[in-house]
file model17.txt (compact mmCIF, C-alpha atoms)
# COMPACT_ATOMS: atom_id res chain seq x y z
CA MET A 3 190.94 -190.88 112.87
CA GLU A 4 187.79 -192.37 111.38
CA LEU A 5 184.45 -191.21 110.01
CA GLY A 6 181.39 -191.84 112.15
CA VAL A 7 178.37 -190.35 113.89
CA LEU A 8 179.16 -188.67 117.21
CA ARG A 9 176.80 -190.03 119.80
CA GLN A 10 175.67 -187.39 122.27
CA SER A 11 173.05 -187.40 124.95
CA ILE A 12 171.27 -185.12 127.40
CA GLU A 13 170.70 -186.41 130.90
CA ALA A 14 167.38 -185.64 132.57
CA SER A 15 165.22 -186.86 135.41
CA GLY A 16 161.68 -188.11 135.03
CA GLU A 17 158.69 -189.74 136.65
CA LEU A 18 156.48 -192.52 135.34
CA VAL A 19 152.82 -191.65 134.79
CA SER A 20 149.96 -193.28 132.96
CA ALA A 21 148.74 -191.63 129.79
CA ASP A 22 145.29 -193.02 130.57
CA THR A 23 144.28 -192.31 134.17
CA VAL A 24 140.84 -192.03 135.76
CA SER A 25 140.73 -189.71 138.77
CA MET A 26 138.20 -190.44 141.52
CA MET A 27 136.91 -187.27 143.20
CA PRO A 28 134.20 -186.57 145.80
CA PRO A 29 130.78 -186.16 144.20
CA SER A 30 129.13 -182.77 143.84
CA ILE A 31 126.48 -182.61 146.56
CA ARG A 32 124.45 -179.52 147.44
CA ARG A 33 125.66 -177.75 150.60
CA VAL A 34 128.62 -180.15 151.01
CA TRP A 35 132.16 -178.92 150.36
CA GLN A 36 134.25 -181.06 152.71
CA TYR A 37 134.33 -184.84 152.92
CA GLN A 38 136.02 -187.24 155.32
CA VAL A 39 137.68 -190.36 153.94
CA LYS A 40 136.48 -193.32 156.01
CA GLN A 41 137.95 -196.19 153.99
CA LEU A 42 140.40 -196.67 151.13
CA ALA A 43 141.36 -199.69 149.08
CA PRO A 44 145.06 -200.50 149.66
CA GLU A 45 147.34 -198.44 147.44
CA GLY A 46 148.87 -200.53 144.70
CA SER A 47 146.09 -203.09 144.81
CA LEU A 48 144.53 -204.23 141.55
CA VAL A 49 140.77 -203.69 141.33
CA GLN A 50 138.08 -204.71 138.90
CA LYS A 51 135.33 -202.59 137.41
CA GLY A 52 132.57 -202.20 140.02
CA ASP A 53 134.83 -202.71 143.06
CA MET A 54 134.53 -200.28 145.96
CA VAL A 55 137.75 -198.24 146.11
CA ALA A 56 136.85 -195.58 148.70
CA GLN A 57 134.14 -194.78 151.21
CA LEU A 58 133.46 -191.20 152.26
CA ASP A 59 131.65 -190.32 155.49
CA THR A 60 127.85 -190.40 155.10
CA SER A 61 126.82 -189.33 158.64
CA GLU A 62 125.89 -185.74 157.77
CA LEU A 63 123.82 -186.75 154.74
CA THR A 64 122.22 -189.59 156.68
CA GLN A 65 121.11 -187.13 159.36
CA ARG A 66 119.72 -184.75 156.74
CA LEU A 67 117.97 -187.69 155.07
CA SER A 68 116.32 -188.63 158.37
CA VAL A 69 114.95 -185.09 158.79
CA LYS A 70 113.72 -184.85 155.20
CA THR A 71 112.19 -188.35 155.33
CA ALA A 72 110.26 -187.37 158.47
CA LYS A 73 108.97 -184.24 156.70
CA LEU A 74 108.02 -186.31 153.67
CA GLU A 75 106.09 -188.80 155.79
CA ALA A 76 104.39 -185.96 157.68
CA THR A 77 103.37 -184.37 154.38
CA LEU A 78 101.93 -187.66 153.13
CA GLN A 79 99.97 -187.94 156.37
CA ASP A 80 98.78 -184.33 156.02
CA ILE A 81 97.58 -185.06 152.48
CA GLU A 82 95.62 -188.07 153.66
CA THR A 83 94.16 -186.20 156.64
CA SER A 84 93.27 -183.22 154.44
CA LYS A 85 91.45 -185.47 151.97
CA LEU A 86 89.42 -187.07 154.75
CA ARG A 87 88.64 -183.70 156.30
CA ASN A 88 87.62 -182.22 152.95
CA ALA A 89 85.40 -185.19 152.18
CA LYS A 90 83.73 -184.95 155.60
CA GLN A 91 83.25 -181.18 155.31
CA LEU A 92 81.76 -181.47 151.83
CA GLU A 93 79.46 -184.26 152.94
CA GLU A 94 78.14 -182.11 155.79
CA LEU A 95 77.66 -179.16 153.44
CA ARG A 96 75.81 -181.34 150.93
CA LEU A 97 73.49 -182.48 153.71
CA ASP A 98 72.99 -178.85 154.71
CA LEU A 99 72.21 -178.03 151.08
CA ALA A 100 69.69 -180.82 150.81
CA GLU A 101 68.07 -179.68 154.02
CA ALA A 102 68.05 -176.06 152.82
CA LYS A 103 66.40 -177.09 149.54
CA MET A 104 63.75 -179.05 151.43
CA SER A 105 63.08 -176.05 153.66
CA PHE A 106 62.84 -173.83 150.60
CA ASP A 107 60.44 -176.17 148.82
CA LYS A 108 58.29 -176.39 151.96
CA ALA A 109 58.28 -172.62 152.37
CA VAL A 110 57.32 -172.13 148.69
CA ARG A 111 54.48 -174.65 148.89
CA LYS A 112 53.16 -173.11 152.10
CA PHE A 113 53.19 -169.67 150.48
CA ASN A 114 51.55 -170.95 147.31
CA LEU A 115 48.79 -172.73 149.24
CA SER A 116 47.91 -169.65 151.25
CA ASP A 117 44.63 -167.98 150.07
CA ASP A 118 42.23 -165.28 151.20
CA THR A 119 41.36 -167.31 154.26
CA VAL A 120 44.93 -166.80 155.50
CA ALA A 121 45.59 -163.61 157.34
CA ALA A 122 47.65 -161.07 155.43
CA ILE A 123 50.30 -160.99 158.12
CA ASP A 124 50.74 -164.76 157.90
CA ARG A 125 50.98 -164.62 154.11
CA ILE A 126 53.76 -162.00 154.40
CA LYS A 127 55.50 -164.28 156.90
CA TYR A 128 55.27 -167.27 154.51
CA GLU A 129 56.74 -165.17 151.73
CA LYS A 130 59.66 -164.03 153.90
CA ASP A 131 60.28 -167.63 155.04
CA ALA A 132 60.54 -168.67 151.37
CA VAL A 133 63.02 -165.88 150.60
CA ILE A 134 65.10 -166.77 153.65
CA ALA A 135 65.08 -170.45 152.67
CA LYS A 136 66.13 -169.55 149.11
CA ASP A 137 69.00 -167.40 150.42
CA LYS A 138 70.11 -170.27 152.65
CA VAL A 139 70.27 -172.56 149.61
CA GLN A 140 72.45 -170.05 147.76
CA LEU A 141 74.64 -169.52 150.81
CA THR A 142 75.17 -173.26 151.23
CA LYS A 143 76.08 -173.61 147.54
CA GLN A 144 78.64 -170.80 148.00
CA LYS A 145 80.06 -172.60 151.03
CA ILE A 146 80.47 -175.75 148.94
CA ASP A 147 82.24 -173.78 146.19
CA LEU A 148 84.53 -172.10 148.72
CA GLU A 149 85.27 -175.43 150.36
CA ASN A 150 86.19 -176.94 146.98
CA GLN A 151 88.48 -174.00 146.18
CA SER A 152 90.07 -174.15 149.63
CA ALA A 153 90.56 -177.90 149.27
CA LYS A 154 92.27 -177.43 145.91
CA GLN A 155 94.57 -174.76 147.36
CA ARG A 156 95.48 -176.96 150.35
CA GLU A 157 96.02 -179.90 147.99
CA ALA A 158 98.27 -177.82 145.71
CA MET A 159 100.31 -176.56 148.68
CA LEU A 160 100.73 -180.05 150.10
CA GLU A 161 101.56 -181.48 146.67
CA GLY A 162 104.25 -178.81 146.33
CA ASP A 163 105.70 -179.83 149.70
CA LEU A 164 105.45 -183.47 148.67
CA GLN A 165 107.40 -182.88 145.45
CA LYS A 166 109.98 -180.78 147.29
CA PHE A 167 110.62 -183.31 150.06
CA SER A 168 110.48 -186.26 147.63
CA SER A 169 113.09 -184.56 145.44
CA GLU A 170 115.30 -183.79 148.44
CA VAL A 171 115.01 -187.36 149.79
CA THR A 172 115.86 -188.79 146.35
CA ALA A 173 118.83 -186.42 146.01
CA LEU A 174 120.12 -187.30 149.48
CA LYS A 175 119.80 -191.04 148.83
CA LYS A 176 121.67 -190.56 145.55
CA GLY A 177 124.28 -188.45 147.35
CA ILE A 178 124.79 -191.08 150.05
CA LYS A 179 125.19 -193.74 147.38
CA SER A 180 127.69 -191.56 145.49
CA LEU A 181 129.90 -191.33 148.59
CA THR A 182 130.87 -194.92 147.90
CA LEU A 183 133.44 -194.54 145.12
CA ILE A 184 133.24 -197.41 142.64
CA ALA A 185 136.00 -198.30 140.18
CA PRO A 186 134.79 -197.44 136.65
CA ARG A 187 137.30 -199.90 135.18
CA GLU A 188 140.00 -202.35 136.17
CA GLY A 189 143.39 -201.02 137.17
CA MET A 190 145.65 -200.22 140.08
CA VAL A 191 144.80 -197.93 143.00
CA VAL A 192 147.05 -194.88 143.42
CA TYR A 193 146.27 -192.45 146.25
CA GLY A 194 145.91 -188.75 145.51
CA ASN A 195 147.86 -185.95 147.20
CA ASP A 196 146.57 -183.24 149.52
CA SER A 197 147.44 -179.54 149.25
CA GLN A 198 150.76 -180.19 151.07
CA GLY A 199 151.72 -182.92 148.61
CA ASN A 200 151.16 -185.75 151.09
CA LYS A 201 149.33 -188.94 150.21
CA ILE A 202 145.67 -188.92 151.21
CA LYS A 203 144.91 -191.38 154.00
CA GLU A 204 141.91 -192.74 155.89
CA GLY A 205 140.39 -190.29 158.36
CA GLN A 206 141.58 -187.27 156.38
CA SER A 207 139.29 -184.55 155.08
CA VAL A 208 139.23 -183.72 151.39
CA PHE A 209 137.41 -181.06 149.43
CA MET A 210 135.27 -181.08 146.33
CA GLY A 211 137.61 -181.24 143.34
CA ASP A 212 140.39 -183.10 145.17
CA ALA A 213 141.45 -186.41 143.65
CA VAL A 214 141.01 -189.01 146.40
CA LEU A 215 142.69 -191.63 144.23
CA SER A 216 143.29 -192.53 140.62
CA ILE A 217 143.17 -195.71 138.60
CA PRO A 218 145.87 -195.61 135.91
CA ASN A 219 146.06 -197.93 132.94
CA LEU A 220 149.43 -199.65 133.36
CA ASN A 221 149.55 -200.60 129.69
CA HIS A 222 149.83 -196.93 128.66
CA MET A 223 152.77 -195.65 130.71
CA GLN A 224 154.88 -192.63 129.77
CA VAL A 225 157.56 -190.45 131.33
CA ASN A 226 157.17 -186.85 132.46
CA MET A 227 160.60 -185.20 132.29
CA THR A 228 162.21 -181.97 133.47
CA ILE A 229 164.99 -180.77 131.19
CA PRO A 230 167.49 -177.98 132.07
CA GLU A 231 166.92 -174.68 130.27
CA ILE A 232 170.41 -174.74 128.71
CA GLU A 233 169.49 -177.90 126.78
CA ALA A 234 166.27 -176.46 125.31
CA SER A 235 167.67 -175.85 121.83
CA ARG A 236 168.94 -179.42 121.51
CA VAL A 237 165.73 -181.23 122.45
CA LYS A 238 163.29 -182.03 119.63
CA LEU A 239 160.12 -184.01 119.15
CA GLY A 240 160.75 -187.57 118.04
CA GLN A 241 164.21 -187.87 119.62
CA LYS A 242 164.99 -191.33 120.92
CA LEU A 243 165.94 -191.88 124.53
CA LYS A 244 166.86 -194.47 127.11
CA ILE A 245 165.03 -194.87 130.42
CA ARG A 246 166.50 -196.41 133.56
CA LEU A 247 164.24 -196.75 136.57
CA ASP A 248 165.85 -195.75 139.85
CA ALA A 249 164.26 -198.85 141.37
CA ASN A 250 165.86 -201.09 138.73
CA PRO A 251 168.73 -199.22 137.02
CA ASP A 252 170.16 -202.31 135.33
CA LYS A 253 167.25 -202.65 132.91
CA VAL A 254 167.04 -200.21 129.99
CA PHE A 255 163.78 -199.15 128.35
CA TYR A 256 163.48 -197.17 125.14
CA GLY A 257 161.14 -194.44 124.00
CA GLU A 258 160.88 -191.11 122.22
CA ILE A 259 159.84 -187.55 122.98
CA ILE A 260 156.17 -186.97 122.10
CA GLU A 261 155.48 -183.61 123.75
CA LEU A 262 157.46 -180.50 124.69
CA GLY A 263 156.43 -177.91 127.26
CA ALA A 264 155.61 -174.41 126.02
CA VAL A 265 156.98 -172.46 129.02
CA PHE A 266 159.99 -172.48 131.29
CA ARG A 267 159.64 -172.67 135.07
CA HIS A 268 161.65 -173.02 138.25
CA LYS A 269 162.06 -176.67 139.20
CA ASN A 270 160.74 -175.97 142.71
CA GLN A 271 160.93 -173.37 145.45
CA ASP A 272 164.11 -174.83 146.91
CA VAL A 273 165.96 -175.32 143.63
CA PRO A 274 166.29 -172.16 141.48
CA LEU A 275 167.18 -174.22 138.38
CA VAL A 276 165.09 -173.22 135.36
CA VAL A 277 163.66 -176.19 133.48
CA PHE A 278 161.01 -177.03 130.91
CA ASP A 279 158.79 -180.08 130.76
CA ALA A 280 158.68 -182.85 128.20
CA VAL A 281 156.82 -186.12 127.81
CA ALA A 282 158.19 -189.35 126.34
CA SER A 283 156.49 -192.54 125.28
CA ILE A 284 157.78 -195.97 126.30
CA ASP A 285 158.19 -198.55 123.54
CA GLU A 286 157.67 -201.70 125.61
CA VAL A 287 155.93 -201.25 128.94
CA ASP A 288 156.71 -203.71 131.72
CA THR A 289 153.44 -203.84 133.70
CA ASP A 290 155.02 -206.07 136.35
CA LEU A 291 157.80 -203.61 137.08
CA MET A 292 156.49 -200.16 136.21
CA ARG A 293 154.30 -198.19 138.58
CA PRO A 294 153.11 -194.56 138.42
CA GLY A 295 155.28 -192.27 140.51
CA MET A 296 158.51 -194.21 139.96
CA THR A 297 161.49 -191.96 139.29
CA ALA A 298 163.82 -192.53 136.38
CA LYS A 299 167.00 -191.31 134.75
CA ILE A 300 166.61 -190.33 131.11
CA SER A 301 169.32 -190.23 128.45
CA ILE A 302 168.20 -188.38 125.31
CA ASP A 303 170.07 -189.24 122.11
CA ILE A 304 170.79 -186.03 120.18
CA ALA A 305 172.98 -187.45 117.40
CA ASN A 306 172.37 -185.70 114.09
CA GLU A 307 173.38 -188.77 112.00
CA LYS A 308 175.98 -186.64 110.19
CA GLN A 309 179.26 -188.38 109.33
CA GLU A 310 182.18 -186.57 111.00
CA LEU A 311 185.87 -187.10 111.72
CA LEU A 312 185.92 -188.62 115.19
CA LEU A 313 188.77 -188.83 117.65
CA SER A 314 189.10 -190.06 121.20
CA LEU A 315 188.66 -187.25 123.68
CA ASP A 316 191.80 -188.45 125.49
CA ALA A 317 193.92 -187.56 122.45
CA ILE A 318 193.13 -183.85 122.70
CA HIS A 319 195.59 -181.54 124.44
CA TYR A 320 195.49 -177.79 124.99
CA GLU A 321 198.10 -175.08 124.99
CA SER A 322 197.15 -171.45 125.50
CA GLY A 323 193.59 -172.34 124.67
CA GLN A 324 194.52 -174.01 121.39
CA ALA A 325 193.62 -177.66 120.94
CA TYR A 326 196.25 -179.96 119.46
CA VAL A 327 197.07 -183.63 119.07
CA LEU A 328 200.37 -185.50 119.02
CA LEU A 329 201.37 -187.15 115.76
CA PRO A 330 203.91 -190.00 115.60
CA GLY A 331 207.04 -189.45 113.40
CA LEU A 332 210.49 -190.84 112.59
CA PHE A 333 212.15 -188.33 114.84
CA GLY A 334 209.55 -188.37 117.62
CA GLU A 335 206.11 -186.95 118.20
CA SER A 336 204.96 -183.59 116.84
CA LYS A 337 202.11 -181.25 117.71
CA GLN A 338 199.28 -180.73 115.29
CA ALA A 339 196.73 -177.96 115.92
CA VAL A 340 193.13 -179.01 115.39
CA THR A 341 189.74 -177.32 115.41
CA ILE A 342 187.24 -179.11 117.59
CA GLY A 343 183.55 -179.44 116.71
CA THR A 344 181.11 -181.22 118.98
CA ILE A 345 182.32 -182.90 122.17
CA GLY A 346 180.71 -186.12 123.31
CA LYS A 347 181.32 -188.30 126.36
CA GLU A 348 184.26 -190.24 124.89
CA LEU A 349 184.71 -188.89 121.36
CA VAL A 350 185.10 -185.48 119.79
CA SER A 351 184.51 -184.34 116.23
CA ILE A 352 187.37 -182.66 114.36
CA ASN A 353 186.52 -179.86 111.95
CA SER A 354 190.08 -179.25 110.65
CA GLY A 355 193.72 -180.24 111.21
CA LEU A 356 193.48 -183.99 110.59
CA ASP A 357 192.47 -186.35 107.80
CA VAL A 358 190.65 -189.66 107.77
CA GLY A 359 192.92 -192.54 108.73
CA GLN A 360 195.65 -190.31 110.15
CA GLU A 361 197.22 -191.71 113.32
CA VAL A 362 197.51 -189.76 116.55
CA LEU A 363 199.12 -190.66 119.86
CA LEU A 364 197.05 -191.46 122.92
CA PRO A 365 198.28 -190.91 126.46

call {"tool": "encode", "arguments": {"input": "model17.txt", "output": "structure tokens"}}
result
Amino acid sequence: MELGVLRQSIEASGELVSADTVSMMPPSIRRVWQYQVKQLAPEGSLVQKGDMVAQLDTSELTQRLSVKTAKLEATLQDIETSKLRNAKQLEELRLDLAEAKMSFDKAVRKFNLSDDTVAAIDRIKYEKDAVIAKDKVQLTKQKIDLENQSAKQREAMLEGDLQKFSSEVTALKKGIKSLTLIAPREGMVVYGNDSQGNKIKEGQSVFMGDAVLSIPNLNHMQVNMTIPEIEASRVKLGQKLKIRLDANPDKVFYGEIIELGAVFRHKNQDVPLVVFDAVASIDEVDTDLMRPGMTAKISIDIANEKQELLLSLDAIHYESGQAYVLLPGLFGESKQAVTIGTIGKELVSINSGLDVGQEVLLP
């Protein structure tokens, strides 16, 4: 028997993830909800900021851009034609006005020059001609005003169409450009998953909000763990743990628990085991070896650092549910009942029945 700290651990499974990941999703484009992936950078490849990492199909937007561009060009042509027409119409009306004014002036002079030598009927005619000429001047002025108002209305309508089509063309060009996904930083390409959990591939359709791919920072890796419900009370924040990658189980990494899940859940539909989630940091990340998605075995150290009487688990025997050990003596071995505390993998703590330094027999 000796005093010591009983080392215990909880075994769990986990998956490597990056604590700093940028997800690349389809852009938000008006009237577009589904996108086809035309090209993807190879998964696992290292990219630099500004590199093209995915290309989504642009054919639908390109077709819409062609239609809107044609309407924009037609509107520009209509504006130019309308200006020329308005200018021509106003010029003709101004000539008509000048002619009407001349006719009015002539009619007024003719009336004013008429005297008693002019027959009364002719004088009445001259007066009516002057009135008619004056009315024609006013009518022509009204036509010019109406033409100016009409021109302004046509101009405002065409300018509205111009702004509308210009805005739509600009938005479509921006949308087409946004369908080329550009890496916002350096990192490694990791494909996203579809609704069935399968990796997204070229030629596949994705929807707005789906992650086409992600670019994790490999220098900030951590472990997402699932821990059985029965171990919930023994898992605490800050506990140290060991991490062994399934792809390289001989190398041990160290870390500690930094986050505990707030709810319990079923592990998956096929496995009714109830688990809760936890997250652990990794002390020294190996960027050459570690990749997001790698599975790992986790061993959580739950030692309480309390000094206890420790004994080899092999030395414990049972009889009718009572634990005992065998003590050596002059006349042979004897049984000694003991009360067991915590049981570890190889050692067990003894609460009563033995003293420090006391010898027991092993099988």

call {"tool": "closest_residue", "arguments": {"input": "model17.txt", "among": "A:Asp131, A:Glu204, A:Asp316, A:Asp303", "to": "Ser11 of chain A", "atoms": "all atoms listed in the file"}}
result
A:Asp303

call {"tool": "residues_around", "arguments": {"input": "model17.txt", "residues": "Met54 of chain A", "least_positions_apart": "5", "cutoff": "10 Å", "atoms": "all atoms listed in the file", "output": "PyMOL selection string"}}
result
chain A and resi 41-43+49+182-186

call {"tool": "residues_around", "arguments": {"input": "model17.txt", "residues": "segment 28-38 of chain A", "least_positions_apart": "2", "cutoff": "8 Å", "atoms": "only C-alpha atoms", "output": "JSON, numbers by chain"}}
result
{"A": [26, 40, 58, 59, 177, 180, 181, 205, 206, 207, 208, 209, 210, 211, 212, 213, 214]}

call {"tool": "residues_around", "arguments": {"input": "model17.txt", "residues": "segment 286-297 of chain A", "least_positions_apart": "4", "cutoff": "7 Å", "atoms": "all atoms listed in the file", "output": "list in words"}}
result
Gly16, Glu17, Leu18, Val19, Ser20, Leu220, Asn221, Met223, Leu247 and Asp248 of chain A

call {"tool": "write_last_selection", "arguments": {"input": "model17.txt", "atoms": "C-alpha atoms", "output": "PDB file, keeping the file's coordinate frame"}}
result
ATOM      1  CA  GLY A  16     161.680-188.110 135.030  1.00  0.00           C
ATOM      2  CA  GLU A  17     158.690-189.740 136.650  1.00  0.00           C
ATOM      3  CA  LEU A  18     156.480-192.520 135.340  1.00  0.00           C
ATOM      4  CA  VAL A  19     152.820-191.650 134.790  1.00  0.00           C
ATOM      5  CA  SER A  20     149.960-193.280 132.960  1.00  0.00           C
ATOM      6  CA  LEU A 220     149.430-199.650 133.360  1.00  0.00           C
ATOM      7  CA  ASN A 221     149.550-200.600 129.690  1.00  0.00           C
ATOM      8  CA  MET A 223     152.770-195.650 130.710  1.00  0.00           C
ATOM      9  CA  LEU A 247     164.240-196.750 136.570  1.00  0.00           C
ATOM     10  CA  ASP A 248     165.850-195.750 139.850  1.00  0.00           C
TER      11      ASP A 248
END

call {"tool": "atom_distance", "arguments": {"input": "model17.txt", "atom1": "atom CA of Leu148 of chain A", "atom2": "atom CA of Leu92 of chain A"}}
result
10.3 Å

call {"tool": "residues_around", "arguments": {"input": "model17.txt", "residues": "Val171 of chain A", "least_positions_apart": "2", "cutoff": "7 Å", "atoms": "all atoms listed in the file", "output": "list in words"}}
result
Leu67, Lys70, Thr71, Phe167, Ser168, Ser169, Ala173, Leu174 and Lys175 of chain A

call {"tool": "axis_aligned_box", "arguments": {"input": "model17.txt", "around": "segment 313-320 of chain A", "padding_each_side": "5 Å", "output": "JSON"}}
result
{"center_x": 192.1, "center_y": -183.9, "center_z": 121.6, "size_x": 16.9, "size_y": 22.3, "size_z": 17.8}

call {"tool": "residues_around", "arguments": {"input": "model17.txt", "residues": "Lys138 of chain A", "least_positions_apart": "6", "cutoff": "9 Å", "atoms": "all atoms listed in the file", "output": "list in words"}}
result
Leu99, Ala102, Lys103 and Phe106 of chain A

call {"tool": "write_last_selection", "arguments": {"input": "model17.txt", "atoms": "C-alpha atoms", "output": "mmCIF file, in the coordinates of the input"}}
result
data_model
loop_
_atom_site.group_PDB
_atom_site.id
_atom_site.type_symbol
_atom_site.label_atom_id
_atom_site.label_comp_id
_atom_site.auth_asym_id
_atom_site.auth_seq_id
_atom_site.Cartn_x
_atom_site.Cartn_y
_atom_site.Cartn_z
ATOM 1 C CA LEU A 99 72.210 -178.030 151.080
ATOM 2 C CA ALA A 102 68.050 -176.060 152.820
ATOM 3 C CA LYS A 103 66.400 -177.090 149.540
ATOM 4 C CA PHE A 106 62.840 -173.830 150.600
#

call {"tool": "atom_distance", "arguments": {"input": "model17.txt", "atom1": "atom CA of Lys145 of chain A", "atom2": "atom CA of Gln165 of chain A"}}
result
29.7 Å

call {"tool": "atom_distance", "arguments": {"input": "model17.txt", "atom1": "atom CA of Val24 of chain A", "atom2": "atom CA of Pro44 of chain A"}}
result
16.8 Å

call {"tool": "closest_residue", "arguments": {"input": "model17.txt", "among": "A:Val139, A:Leu356, A:Ile202, A:Val110", "to": "Leu312 of chain A", "atoms": "only C-alpha atoms"}}
result
A:Leu356

call {"tool": "closest_residue", "arguments": {"input": "model17.txt", "among": "A:Ser351, A:Gln50, A:Asn219, A:Thr142", "to": "Gln309 of chain A", "atoms": "only C-alpha atoms"}}
result
A:Ser351

call {"tool": "closest_residue", "arguments": {"input": "model17.txt", "among": "A:Ile81, A:Val358, A:Ala325, A:Ile217", "to": "Gly194 of chain A", "atoms": "all atoms listed in the file"}}
result
A:Ile217

call {"tool": "closest_residue", "arguments": {"input": "model17.txt", "among": "A:Ala339, A:Leu86, A:Ile302, A:Leu215", "to": "Tyr326 of chain A", "atoms": "all atoms listed in the file"}}
result
A:Ala339

call {"tool": "build_atoms", "arguments": {"input": "model17.txt", "residues": "segment 10-22 of chain A", "atoms": "N, CA and C atoms", "output": "PDB file, keeping the file's coordinate frame"}}
result
ATOM      1  N   GLN A  10     175.768-188.289 121.142  1.00  0.00           N
ATOM      2  CA  GLN A  10     175.670-187.390 122.270  1.00  0.00           C
ATOM      3  C   GLN A  10     174.346-187.645 122.992  1.00  0.00           C
ATOM      4  N   SER A  11     174.299-187.215 124.201  1.00  0.00           N
ATOM      5  CA  SER A  11     173.050-187.400 124.950  1.00  0.00           C
ATOM      6  C   SER A  11     172.882-186.291 125.974  1.00  0.00           C
ATOM      7  N   ILE A  12     171.629-186.068 126.331  1.00  0.00           N
ATOM      8  CA  ILE A  12     171.270-185.120 127.400  1.00  0.00           C
ATOM      9  C   ILE A  12     170.686-185.937 128.535  1.00  0.00           C
ATOM     10  N   GLU A  13     171.184-185.677 129.728  1.00  0.00           N
ATOM     11  CA  GLU A  13     170.700-186.410 130.900  1.00  0.00           C
ATOM     12  C   GLU A  13     169.574-185.604 131.565  1.00  0.00           C
ATOM     13  N   ALA A  14     168.521-186.290 131.922  1.00  0.00           N
ATOM     14  CA  ALA A  14     167.380-185.640 132.570  1.00  0.00           C
ATOM     15  C   ALA A  14     166.768-186.587 133.586  1.00  0.00           C
ATOM     16  N   SER A  15     165.945-186.042 134.436  1.00  0.00           N
ATOM     17  CA  SER A  15     165.220-186.860 135.410  1.00  0.00           C
ATOM     18  C   SER A  15     163.748-186.913 135.012  1.00  0.00           C
ATOM     19  N   GLY A  16     163.073-187.963 135.416  1.00  0.00           N
ATOM     20  CA  GLY A  16     161.680-188.110 135.030  1.00  0.00           C
ATOM     21  C   GLY A  16     160.882-188.926 136.032  1.00  0.00           C
ATOM     22  N   GLU A  17     159.600-188.986 135.787  1.00  0.00           N
ATOM     23  CA  GLU A  17     158.690-189.740 136.650  1.00  0.00           C
ATOM     24  C   GLU A  17     157.684-190.470 135.784  1.00  0.00           C
ATOM     25  N   LEU A  18     157.434-191.732 136.106  1.00  0.00           N
ATOM     26  CA  LEU A  18     156.480-192.520 135.340  1.00  0.00           C
ATOM     27  C   LEU A  18     155.042-192.085 135.668  1.00  0.00           C
ATOM     28  N   VAL A  19     154.250-191.934 134.630  1.00  0.00           N
ATOM     29  CA  VAL A  19     152.820-191.650 134.790  1.00  0.00           C
ATOM     30  C   VAL A  19     152.081-192.477 133.749  1.00  0.00           C
ATOM     31  N   SER A  20     150.785-192.591 133.958  1.00  0.00           N
ATOM     32  CA  SER A  20     149.960-193.280 132.960  1.00  0.00           C
ATOM     33  C   SER A  20     149.333-192.241 132.045  1.00  0.00           C
ATOM     34  N   ALA A  21     149.363-192.532 130.758  1.00  0.00           N
ATOM     35  CA  ALA A  21     148.740-191.630 129.790  1.00  0.00           C
ATOM     36  C   ALA A  21     147.225-191.763 129.805  1.00  0.00           C
ATOM     37  N   ASP A  22     146.736-192.764 130.503  1.00  0.00           N
ATOM     38  CA  ASP A  22     145.290-193.020 130.570  1.00  0.00           C
ATOM     39  C   ASP A  22     144.934-193.273 132.028  1.00  0.00           C
TER      40      ASP A  22
END
